[in-house]
>>> print(open('upload_12.cif').read())   # mmCIF, C-alpha atoms
data_work
loop_
_atom_site.label_atom_id
_atom_site.label_comp_id
_atom_site.auth_asym_id
_atom_site.auth_seq_id
_atom_site.Cartn_x
_atom_site.Cartn_y
_atom_site.Cartn_z
CA ARG A 164 6.24 22.87 4.69
CA ARG A 165 8.66 25.50 3.51
CA CYS A 166 7.97 29.24 3.40
CA SER A 167 9.05 31.29 0.43
CA VAL A 168 9.02 34.91 -0.57
CA ASN A 169 6.19 34.19 -3.00
CA ARG A 170 4.13 32.63 -0.23
CA LEU A 171 4.59 35.76 1.87
CA LYS A 172 3.29 38.05 -0.85
CA GLY A 173 -0.38 38.86 -0.67
CA GLU A 174 -2.60 41.37 -2.37
CA MET A 175 -1.66 45.04 -2.00
CA GLY A 176 1.80 44.10 -0.78
CA VAL A 177 0.58 42.72 2.54
CA CYS A 178 2.40 39.69 3.92
CA HIS A 179 0.54 36.79 5.46
CA MET A 180 1.90 34.14 7.74
CA ASP A 181 0.73 31.50 10.18
CA LYS A 182 2.27 30.07 13.33
CA ASP A 183 4.09 27.27 11.50
CA CYS A 184 5.56 29.74 9.04
CA ILE A 185 6.87 31.96 11.83
CA VAL A 186 8.79 29.15 13.44
CA HIS A 187 10.02 27.60 10.23
CA SER A 188 11.69 30.76 8.95
CA TYR A 189 12.76 32.19 12.32
CA GLY A 190 13.96 28.86 13.63
CA VAL A 191 14.73 28.14 17.26
CA VAL A 192 17.26 29.66 19.62
CA ASP A 193 19.79 28.02 21.89
CA LYS A 194 17.42 27.77 24.83
CA LEU A 195 18.66 28.80 28.27
CA SER A 196 20.47 25.79 29.69
CA LYS A 197 19.04 26.27 33.18
CA PRO A 198 16.67 28.55 35.10
CA ILE A 199 17.43 32.11 36.17
CA LYS A 200 17.42 32.15 39.97
CA ILE A 201 16.99 35.35 41.96
CA VAL A 202 17.94 34.81 45.59
CA GLY A 203 17.50 37.33 48.41
CA LEU A 204 17.63 40.28 46.04
CA THR A 205 17.45 43.69 47.70
CA LYS A 206 17.74 47.10 46.12
CA MET A 207 17.78 50.22 48.26
CA PHE A 208 17.90 53.76 46.96
CA SER A 209 19.14 56.65 49.06
CA SER A 210 19.01 60.38 48.43
CA GLU A 211 20.28 63.34 50.39
CA LEU A 212 18.50 66.64 50.72
CA ASP A 213 20.96 69.49 51.36
CA ILE A 214 19.13 72.81 51.55
CA ASN A 215 22.38 74.76 51.11
CA ARG A 216 22.11 74.02 47.41
CA LEU A 217 18.71 75.69 47.15
CA SER A 218 17.80 79.32 46.58
CA PRO A 219 17.49 81.46 49.74
CA ILE A 220 13.70 81.65 49.42
CA LEU A 221 13.25 77.87 49.22
CA ARG A 222 15.86 77.35 51.93
CA ASP A 223 13.99 79.66 54.33
CA ILE A 224 10.73 77.82 53.67
CA LEU A 225 12.26 74.42 54.48
CA VAL A 226 14.02 75.76 57.59
CA ALA A 227 10.67 77.08 58.78
CA PHE A 228 9.36 73.51 58.58
CA GLY A 229 12.40 72.18 60.43
CA VAL A 230 14.07 70.63 57.38
CA GLU A 231 17.76 71.40 56.98
CA ARG A 232 19.47 68.18 55.95
CA ARG A 233 17.98 64.77 55.47
CA VAL A 234 19.05 61.43 54.05
CA ILE A 235 16.16 59.42 52.68
CA GLU A 236 16.54 55.67 52.20
CA LYS A 237 13.90 53.33 50.90
CA TYR A 238 13.64 49.76 49.73
CA VAL A 239 12.58 49.39 46.13
CA LEU A 240 13.02 45.61 46.28
CA LYS A 241 13.55 43.62 49.46
CA ASP A 242 14.52 39.96 49.75
CA VAL A 243 13.12 38.96 46.37
CA ASN A 244 13.25 35.26 45.48
CA LEU A 245 12.17 34.12 42.02
CA VAL A 246 12.86 31.32 39.58
CA ILE A 247 12.41 31.92 35.85
CA GLU A 248 12.33 28.71 33.84
CA PRO A 249 13.95 28.43 30.38
CA GLY A 250 11.53 29.20 27.58
CA SER A 251 8.89 30.63 29.90
CA ILE A 252 6.98 33.91 29.59
CA VAL A 253 6.99 36.11 32.69
CA ALA A 254 4.92 39.27 33.12
CA VAL A 255 5.97 41.83 35.73
CA VAL A 256 3.07 43.97 36.94
CA GLY A 257 2.61 46.70 39.52
CA ALA A 258 1.82 50.37 39.99
CA SER A 259 3.90 53.06 38.32
CA GLY A 260 7.06 53.65 40.35
CA ALA A 261 6.68 50.43 42.34
CA GLY A 262 9.91 48.88 41.07
CA LYS A 263 9.09 46.94 37.90
CA THR A 264 11.88 48.58 35.90
CA THR A 265 14.29 48.17 38.82
CA LEU A 266 13.68 44.42 38.85
CA LEU A 267 14.38 44.25 35.11
CA ARG A 268 17.54 46.35 35.60
CA MET A 269 18.85 43.92 38.23
CA ILE A 270 18.56 41.00 35.80
CA ILE A 271 20.09 43.00 32.95
CA GLY A 272 22.96 44.24 35.14
CA ALA A 273 23.86 40.67 36.06
CA ILE A 274 24.30 39.88 32.35
CA ASP A 275 25.40 43.04 30.53
CA ARG A 276 28.97 43.93 31.51
CA ASN A 277 28.47 47.47 30.24
CA LYS A 278 25.68 47.94 32.76
CA GLY A 279 27.08 45.86 35.62
CA SER A 280 29.20 48.71 36.98
CA ASP A 281 26.29 51.18 36.95
CA PRO A 282 24.81 51.54 40.47
CA MET A 283 21.31 51.59 38.97
CA TYR A 284 21.86 48.04 37.73
CA LYS A 285 23.51 46.62 40.85
CA PRO A 286 21.60 45.15 43.79
CA THR A 287 22.31 46.28 47.32
CA SER A 288 22.47 42.62 48.31
CA GLY A 289 21.43 39.23 47.01
CA LYS A 290 22.41 37.20 43.98
CA ILE A 291 21.15 36.37 40.51
CA TYR A 292 22.27 33.00 39.14
CA LEU A 293 22.35 32.81 35.33
CA PRO A 294 22.94 30.07 32.76
CA GLU A 295 26.24 30.35 30.92
CA ASN A 296 24.64 30.40 27.47
CA VAL A 297 22.43 33.47 28.01
CA LYS A 298 22.08 35.76 25.00
CA LEU A 299 20.24 38.90 26.02
CA ALA A 300 18.30 41.50 24.06
CA TYR A 301 16.39 44.15 25.95
CA LEU A 302 14.40 47.34 25.69
CA LEU A 303 14.20 49.96 28.43
CA PRO A 304 12.47 52.95 26.78
CA GLY A 305 14.59 56.09 26.90
CA GLU A 306 17.43 54.18 28.53
CA HIS A 307 18.44 51.36 26.21
CA GLU A 308 16.90 50.99 22.77
CA PRO A 309 17.87 49.50 19.39
CA LYS A 310 19.66 52.03 17.21
CA TYR A 311 18.42 52.72 13.72
CA GLY A 312 20.26 54.81 11.16
CA SER A 313 19.27 55.93 7.68
CA GLU A 314 18.66 52.37 6.46
CA THR A 315 15.17 51.07 5.69
CA LEU A 316 13.41 48.85 8.20
CA LEU A 317 13.87 45.77 6.03
CA GLU A 318 17.58 46.48 5.60
CA HIS A 319 17.99 46.90 9.34
CA ILE A 320 16.25 43.65 10.23
CA TYR A 321 18.00 41.70 7.47
CA SER A 322 21.42 42.99 8.60
CA LYS A 323 20.82 41.26 11.93
CA ILE A 324 19.07 38.03 11.04
CA LYS A 325 20.64 37.46 7.58
CA ASP A 326 17.50 35.81 6.20
CA HIS A 327 15.22 37.79 3.90
CA VAL A 328 12.13 35.63 4.55
CA ALA A 329 12.58 35.77 8.33
CA ALA A 330 13.19 39.54 8.12
CA VAL A 331 9.86 40.07 6.34
CA GLU A 332 8.05 37.82 8.79
CA ILE A 333 9.48 39.63 11.82
CA LEU A 334 8.18 42.94 10.48
CA ASN A 335 4.83 41.30 9.82
CA MET A 336 4.79 39.89 13.34
CA VAL A 337 5.04 43.34 14.93
CA GLY A 338 2.36 44.79 12.67
CA LEU A 339 4.57 46.43 10.02
CA SER A 340 3.42 44.15 7.23
CA ASP A 341 2.73 46.61 4.42
CA ALA A 342 5.47 46.90 1.79
CA VAL A 343 5.49 50.65 2.45
CA PHE A 344 6.98 49.94 5.87
CA TYR A 345 9.72 47.75 4.40
CA ARG A 346 11.00 50.78 2.50
CA ALA A 347 10.38 53.24 5.35
CA ARG A 348 13.09 54.65 7.57
CA PHE A 349 12.82 54.78 11.32
CA ASN A 350 12.56 58.57 11.52
CA GLU A 351 9.55 58.48 9.18
CA LEU A 352 7.46 56.37 11.56
CA SER A 353 4.86 57.36 14.13
CA THR A 354 5.48 56.75 17.84
CA GLY A 355 3.56 53.47 17.82
CA GLN A 356 5.28 52.28 14.65
CA LYS A 357 8.67 53.11 16.15
CA GLU A 358 7.87 50.94 19.16
CA ARG A 359 7.04 48.04 16.86
CA ALA A 360 10.22 48.62 14.85
CA LYS A 361 12.24 48.41 18.07
CA LEU A 362 10.59 45.10 18.95
CA ALA A 363 11.40 43.79 15.47
CA SER A 364 15.05 44.79 15.90
CA LEU A 365 15.28 42.89 19.18
CA LEU A 366 13.71 39.76 17.71
CA ALA A 367 16.15 39.88 14.78
CA GLU A 368 19.01 39.38 17.23
CA LYS A 369 17.56 35.92 18.03
CA PRO A 370 18.11 36.18 21.78
CA ASN A 371 17.29 33.37 24.18
CA LEU A 372 16.40 35.97 26.81
CA LEU A 373 14.26 38.94 25.81
CA ILE A 374 13.42 41.65 28.37
CA ILE A 375 10.99 44.44 27.48
CA ASP A 376 9.89 47.27 29.74
CA GLU A 377 6.60 49.10 29.11
CA PHE A 378 5.61 46.37 26.65
CA THR A 379 3.21 47.70 23.95
CA ALA A 380 2.75 50.93 25.97
CA HIS A 381 2.36 53.13 22.88
CA LEU A 382 0.05 50.85 20.91
CA ASP A 383 -3.73 50.97 20.73
CA SER A 384 -5.53 48.08 22.42
CA LEU A 385 -6.21 45.99 19.30
CA THR A 386 -2.69 46.38 17.89
CA ALA A 387 -1.17 45.68 21.31
CA GLN A 388 -3.10 42.42 21.55
CA ARG A 389 -2.09 41.32 18.05
CA VAL A 390 1.59 42.07 18.64
CA ALA A 391 1.60 40.44 22.09
CA ARG A 392 -0.09 37.31 20.77
CA LYS A 393 2.36 36.88 17.89
CA ILE A 394 5.45 37.55 20.00
CA GLY A 395 4.15 35.14 22.64
CA VAL A 396 3.66 32.42 20.04
CA LEU A 397 7.13 32.97 18.63
CA ALA A 398 8.77 32.99 22.08
CA ARG A 399 7.19 29.69 23.04
CA LYS A 400 7.93 27.92 19.79
CA ALA A 401 11.45 29.31 19.35
CA GLY A 402 12.43 28.70 22.98
CA ILE A 403 12.90 32.35 23.97
CA THR A 404 12.59 33.25 27.64
CA LEU A 405 10.46 36.41 27.60
CA ILE A 406 10.17 38.87 30.51
CA VAL A 407 7.91 41.88 30.02
CA ALA A 408 6.66 44.65 32.28
CA THR A 409 3.09 45.71 31.56
CA ASN A 410 -0.11 46.66 33.36
CA ARG A 411 -2.42 46.18 30.39
CA ALA A 412 -5.02 43.53 31.22
CA GLU A 413 -5.82 42.82 27.56
CA VAL A 414 -2.13 42.24 26.80
CA LEU A 415 -1.75 39.88 29.75
CA GLU A 416 -4.77 37.93 28.56
CA VAL A 417 -3.45 37.23 25.06
CA LEU A 418 0.16 36.83 26.18
CA ASN A 419 -0.95 34.17 28.68
CA PRO A 420 2.28 34.28 30.74
CA ASP A 421 3.51 31.23 32.61
CA LYS A 422 4.21 33.43 35.62
CA ILE A 423 2.97 36.83 36.81
CA VAL A 424 5.20 38.70 39.25
CA TYR A 425 3.62 41.53 41.23
CA VAL A 426 6.01 44.30 42.31
CA GLY A 427 4.70 46.53 45.06
CA TYR A 428 6.95 49.03 46.80
CA GLY A 429 9.56 46.73 48.22
CA THR A 430 7.99 43.37 47.51
CA ALA A 431 8.01 41.14 44.44
CA SER A 432 6.01 37.95 44.54
CA GLU A 433 4.43 35.49 42.17
CA VAL A 434 0.69 35.96 41.63
CA GLU A 435 -1.63 33.01 41.25
CA LYS A 436 -3.10 32.91 37.75
CA ARG A 437 -6.86 32.75 37.57
#
>>> encode(input="upload_12.cif", output="structure tokens")
Amino acid sequence: RRCSVNRLKGEMGVCHMDKDCIVHSYGVVDKLSKPIKIVGLTKMFSSELDINRLSPILRDILVAFGVERRVIEKYVLKDVNLVIEPGSIVAVVGASGAGKTTLLRMIIGAIDRNKGSDPMYKPTSGKIYLPENVKLAYLLPGEHEPKYGSETLLEHIYSKIKDHVAAVEILNMVGLSDAVFYRARFNELSTGQKERAKLASLLAEKPNLLIIDEFTAHLDSLTAQRVARKIGVLARKAGITLIVATNRAEVLEVLNPDKIVYVGYGTASEVEKR
């Protein structure tokens, strides 16, 4: 069954699609040729407190407490061992500040040459083994995001995927299905709509590895579930390996990940699914 622009058009300019339609127009990606293996990965952060840089008042207070100079070192990740299978969905969970983003950075740094020299993206020790055919797209809010200009959303997505039907369906998938959104520009969107537009931009790159931090963080519960469900369906059928960091129980439920990795202040281990 073949999708067409006419089939996508519904009343009031709203597009409708089903699972088969998503996969037919989007197609499949060149699936990762082998698993991602994380072996003995350790990341340690160190910081130095030098009171000479502080104002005299603050310096005197710290001296009174016996603090003059201190180097603080802590493990964010320690001896992490994980295997991520091609085409699988992995959810990374854990408390805020526990190291979820750090784990994602380690994987990204092993792939992205622009990030590989940044200390934030380099492990202290350990190794990440990657397939040669990896094609990465990723979102780290405030750190690495898709860049929109003055073009409309539809123009932006089409410029990447080069298929007008697939471009419309991607926007529909992330909950931007009204024709008003197709003509909208990024700077005209709300915070939640901008998050969905960023997800659409990543999907339009047709990666075989998609990494998303703070997945659906700015979406209301119902919208988050709808977006997570559709992206999960697409990832499985298109062969995309999807790694997301989220603590939202309702998102985990509909995403139904193959693996849940709990990160907890130095540790990262697979959690048994109930």
>>> closest_atom_pairs(input="upload_12.cif", of="range 388-409 of chain A", to="range 260-280 of chain A", cutoff="10 Å", atoms="only C-alpha atoms", output="Markdown table")
| residue | atom | partner | partner_atom | distance |
| --- | --- | --- | --- | --- |
| A:Ile406 | CA | A:Leu267 | CA | 8.2 |
| A:Val407 | CA | A:Leu267 | CA | 8.6 |
| A:Ala408 | CA | A:Lys263 | CA | 6.5 |
| A:Thr409 | CA | A:Lys263 | CA | 8.8 |
>>> closest_residue(input="upload_12.cif", among="A:Thr205, A:Ser259, A:Ser251, A:Asn215", to="Asn419 in chain A", atoms="all atoms listed in the file")
A:Ser251
>>> atom_distance(input="upload_12.cif", atom1="CA of Val239 in chain A", atom2="CA of Thr430 in chain A")
7.7 Å
>>> atom_distance(input="upload_12.cif", atom1="CA of His381 in chain A", atom2="CA of Lys357 in chain A")
9.2 Å
>>> axis_aligned_box(input="upload_12.cif", around="range 337-348 of chain A", padding_each_side="6 Å", output="AutoDock Vina command-line options")
--center_x 7.7 --center_y 49.0 --center_z 8.4 --size_x 22.7 --size_y 23.3 --size_z 25.1
>>> decode(input="upload_12.cif", residues="range 366-403 of chain A", atoms="N, CA, C and O atoms", output="JSON list (two decimals), in the first residue's frame")
[["chain", "number", "residue", "atom", "x", "y", "z"],
["A", 366, "LEU", "N", 14.97, 13.14, 13.34],
["A", 366, "LEU", "CA", 14.45, 12.00, 12.58],
["A", 366, "LEU", "C", 14.65, 12.18, 11.08],
["A", 366, "LEU", "O", 14.87, 11.21, 10.35],
["A", 367, "ALA", "N", 14.59, 13.42, 10.61],
["A", 367, "ALA", "CA", 14.75, 13.70, 9.18],
["A", 367, "ALA", "C", 16.16, 13.39, 8.70],
["A", 367, "ALA", "O", 16.38, 13.25, 7.49],
["A", 368, "GLU", "N", 17.11, 13.29, 9.60],
["A", 368, "GLU", "CA", 18.48, 12.93, 9.21],
["A", 368, "GLU", "C", 18.62, 11.44, 8.93],
["A", 368, "GLU", "O", 19.65, 10.99, 8.44],
["A", 369, "LYS", "N", 17.60, 10.66, 9.27],
["A", 369, "LYS", "CA", 17.58, 9.20, 9.11],
["A", 369, "LYS", "C", 18.83, 8.55, 9.71],
["A", 369, "LYS", "O", 19.57, 7.85, 9.04],
["A", 370, "PRO", "N", 19.05, 8.77, 11.00],
["A", 370, "PRO", "CA", 20.21, 8.15, 11.65],
["A", 370, "PRO", "C", 19.94, 6.68, 11.95],
["A", 370, "PRO", "O", 18.78, 6.25, 11.99],
["A", 371, "ASN", "N", 20.99, 5.91, 12.15],
["A", 371, "ASN", "CA", 20.78, 4.55, 12.66],
["A", 371, "ASN", "C", 21.06, 4.48, 14.16],
["A", 371, "ASN", "O", 20.84, 3.45, 14.78],
["A", 372, "LEU", "N", 21.54, 5.60, 14.71],
["A", 372, "LEU", "CA", 21.69, 5.74, 16.16],
["A", 372, "LEU", "C", 21.18, 7.11, 16.57],
["A", 372, "LEU", "O", 21.70, 8.13, 16.12],
["A", 373, "LEU", "N", 20.14, 7.11, 17.39],
["A", 373, "LEU", "CA", 19.52, 8.36, 17.83],
["A", 373, "LEU", "C", 19.61, 8.44, 19.35],
["A", 373, "LEU", "O", 19.13, 7.55, 20.06],
["A", 374, "ILE", "N", 20.25, 9.50, 19.86],
["A", 374, "ILE", "CA", 20.44, 9.69, 21.29],
["A", 374, "ILE", "C", 19.75, 10.98, 21.72],
["A", 374, "ILE", "O", 20.01, 12.04, 21.15],
["A", 375, "ILE", "N", 18.87, 10.88, 22.71],
["A", 375, "ILE", "CA", 18.09, 12.04, 23.14],
["A", 375, "ILE", "C", 18.14, 12.15, 24.66],
["A", 375, "ILE", "O", 17.73, 11.23, 25.37],
["A", 376, "ASP", "N", 18.63, 13.27, 25.14],
["A", 376, "ASP", "CA", 18.64, 13.54, 26.58],
["A", 376, "ASP", "C", 17.37, 14.30, 26.95],
["A", 376, "ASP", "O", 16.84, 15.07, 26.14],
["A", 377, "GLU", "N", 16.89, 14.10, 28.17],
["A", 377, "GLU", "CA", 15.68, 14.75, 28.66],
["A", 377, "GLU", "C", 14.52, 14.55, 27.67],
["A", 377, "GLU", "O", 13.81, 15.50, 27.31],
["A", 378, "PHE", "N", 14.32, 13.33, 27.25],
["A", 378, "PHE", "CA", 13.32, 12.98, 26.25],
["A", 378, "PHE", "C", 11.93, 13.39, 26.72],
["A", 378, "PHE", "O", 11.48, 13.00, 27.79],
["A", 379, "THR", "N", 11.24, 14.19, 25.92],
["A", 379, "THR", "CA", 9.88, 14.70, 26.15],
["A", 379, "THR", "C", 9.75, 15.49, 27.45],
["A", 379, "THR", "O", 8.66, 15.62, 28.01],
["A", 380, "ALA", "N", 10.84, 16.08, 27.92],
["A", 380, "ALA", "CA", 10.82, 16.77, 29.22],
["A", 380, "ALA", "C", 9.87, 17.96, 29.27],
["A", 380, "ALA", "O", 9.32, 18.28, 30.33],
["A", 381, "HIS", "N", 9.65, 18.62, 28.13],
["A", 381, "HIS", "CA", 8.84, 19.83, 28.12],
["A", 381, "HIS", "C", 7.43, 19.60, 27.57],
["A", 381, "HIS", "O", 6.74, 20.56, 27.22],
["A", 382, "LEU", "N", 7.02, 18.35, 27.50],
["A", 382, "LEU", "CA", 5.70, 18.03, 26.97],
["A", 382, "LEU", "C", 4.77, 17.59, 28.10],
["A", 382, "LEU", "O", 5.20, 16.97, 29.08],
["A", 383, "ASP", "N", 3.49, 17.90, 27.96],
["A", 383, "ASP", "CA", 2.52, 17.41, 28.93],
["A", 383, "ASP", "C", 2.43, 15.90, 28.82],
["A", 383, "ASP", "O", 2.88, 15.29, 27.83],
["A", 384, "SER", "N", 1.86, 15.26, 29.82],
["A", 384, "SER", "CA", 1.88, 13.80, 29.91],
["A", 384, "SER", "C", 1.27, 13.12, 28.69],
["A", 384, "SER", "O", 1.85, 12.18, 28.13],
["A", 385, "LEU", "N", 0.10, 13.58, 28.25],
["A", 385, "LEU", "CA", -0.57, 12.93, 27.12],
["A", 385, "LEU", "C", 0.23, 13.08, 25.84],
["A", 385, "LEU", "O", 0.43, 12.12, 25.09],
["A", 386, "THR", "N", 0.71, 14.30, 25.58],
["A", 386, "THR", "CA", 1.50, 14.54, 24.36],
["A", 386, "THR", "C", 2.80, 13.74, 24.42],
["A", 386, "THR", "O", 3.22, 13.16, 23.41],
["A", 387, "ALA", "N", 3.43, 13.69, 25.58],
["A", 387, "ALA", "CA", 4.68, 12.94, 25.73],
["A", 387, "ALA", "C", 4.46, 11.47, 25.39],
["A", 387, "ALA", "O", 5.30, 10.84, 24.71],
["A", 388, "GLN", "N", 3.36, 10.91, 25.86],
["A", 388, "GLN", "CA", 3.08, 9.50, 25.58],
["A", 388, "GLN", "C", 2.84, 9.26, 24.09],
["A", 388, "GLN", "O", 3.33, 8.28, 23.52],
["A", 389, "ARG", "N", 2.11, 10.18, 23.46],
["A", 389, "ARG", "CA", 1.83, 10.02, 22.02],
["A", 389, "ARG", "C", 3.11, 10.08, 21.20],
["A", 389, "ARG", "O", 3.35, 9.26, 20.31],
["A", 390, "VAL", "N", 3.95, 11.06, 21.52],
["A", 390, "VAL", "CA", 5.21, 11.23, 20.78],
["A", 390, "VAL", "C", 6.12, 10.04, 21.02],
["A", 390, "VAL", "O", 6.72, 9.49, 20.09],
["A", 391, "ALA", "N", 6.25, 9.61, 22.27],
["A", 391, "ALA", "CA", 7.12, 8.49, 22.60],
["A", 391, "ALA", "C", 6.66, 7.21, 21.90],
["A", 391, "ALA", "O", 7.48, 6.44, 21.39],
["A", 392, "ARG", "N", 5.35, 7.00, 21.87],
["A", 392, "ARG", "CA", 4.83, 5.79, 21.22],
["A", 392, "ARG", "C", 5.14, 5.79, 19.73],
["A", 392, "ARG", "O", 5.61, 4.78, 19.19],
["A", 393, "LYS", "N", 4.92, 6.92, 19.07],
["A", 393, "LYS", "CA", 5.15, 6.98, 17.62],
["A", 393, "LYS", "C", 6.63, 6.87, 17.28],
["A", 393, "LYS", "O", 7.01, 6.19, 16.31],
["A", 394, "ILE", "N", 7.48, 7.53, 18.06],
["A", 394, "ILE", "CA", 8.91, 7.44, 17.78],
["A", 394, "ILE", "C", 9.42, 6.02, 18.07],
["A", 394, "ILE", "O", 10.26, 5.49, 17.34],
["A", 395, "GLY", "N", 8.88, 5.39, 19.09],
["A", 395, "GLY", "CA", 9.25, 4.01, 19.38],
["A", 395, "GLY", "C", 8.87, 3.07, 18.26],
["A", 395, "GLY", "O", 9.66, 2.19, 17.87],
["A", 396, "VAL", "N", 7.67, 3.24, 17.72],
["A", 396, "VAL", "CA", 7.22, 2.41, 16.60],
["A", 396, "VAL", "C", 8.13, 2.61, 15.40],
["A", 396, "VAL", "O", 8.57, 1.65, 14.75],
["A", 397, "LEU", "N", 8.41, 3.85, 15.08],
["A", 397, "LEU", "CA", 9.27, 4.15, 13.94],
["A", 397, "LEU", "C", 10.67, 3.56, 14.13],
["A", 397, "LEU", "O", 11.22, 2.94, 13.21],
["A", 398, "ALA", "N", 11.24, 3.73, 15.31],
["A", 398, "ALA", "CA", 12.59, 3.23, 15.57],
["A", 398, "ALA", "C", 12.66, 1.72, 15.35],
["A", 398, "ALA", "O", 13.58, 1.21, 14.70],
["A", 399, "ARG", "N", 11.68, 1.01, 15.86],
["A", 399, "ARG", "CA", 11.69, -0.45, 15.73],
["A", 399, "ARG", "C", 11.53, -0.89, 14.28],
["A", 399, "ARG", "O", 12.23, -1.79, 13.81],
["A", 400, "LYS", "N", 10.62, -0.26, 13.58],
["A", 400, "LYS", "CA", 10.33, -0.69, 12.21],
["A", 400, "LYS", "C", 11.40, -0.20, 11.22],
["A", 400, "LYS", "O", 11.65, -0.87, 10.22],
["A", 401, "ALA", "N", 12.01, 0.93, 11.49],
["A", 401, "ALA", "CA", 13.03, 1.46, 10.58],
["A", 401, "ALA", "C", 14.43, 0.95, 10.92],
["A", 401, "ALA", "O", 15.36, 1.14, 10.14],
["A", 402, "GLY", "N", 14.58, 0.31, 12.08],
["A", 402, "GLY", "CA", 15.88, -0.24, 12.44],
["A", 402, "GLY", "C", 16.80, 0.75, 13.15],
["A", 402, "GLY", "O", 18.02, 0.56, 13.17],
["A", 403, "ILE", "N", 16.22, 1.80, 13.75],
["A", 403, "ILE", "CA", 17.02, 2.80, 14.45],
["A", 403, "ILE", "C", 17.31, 2.33, 15.87],
["A", 403, "ILE", "O", 16.41, 1.88, 16.57]]
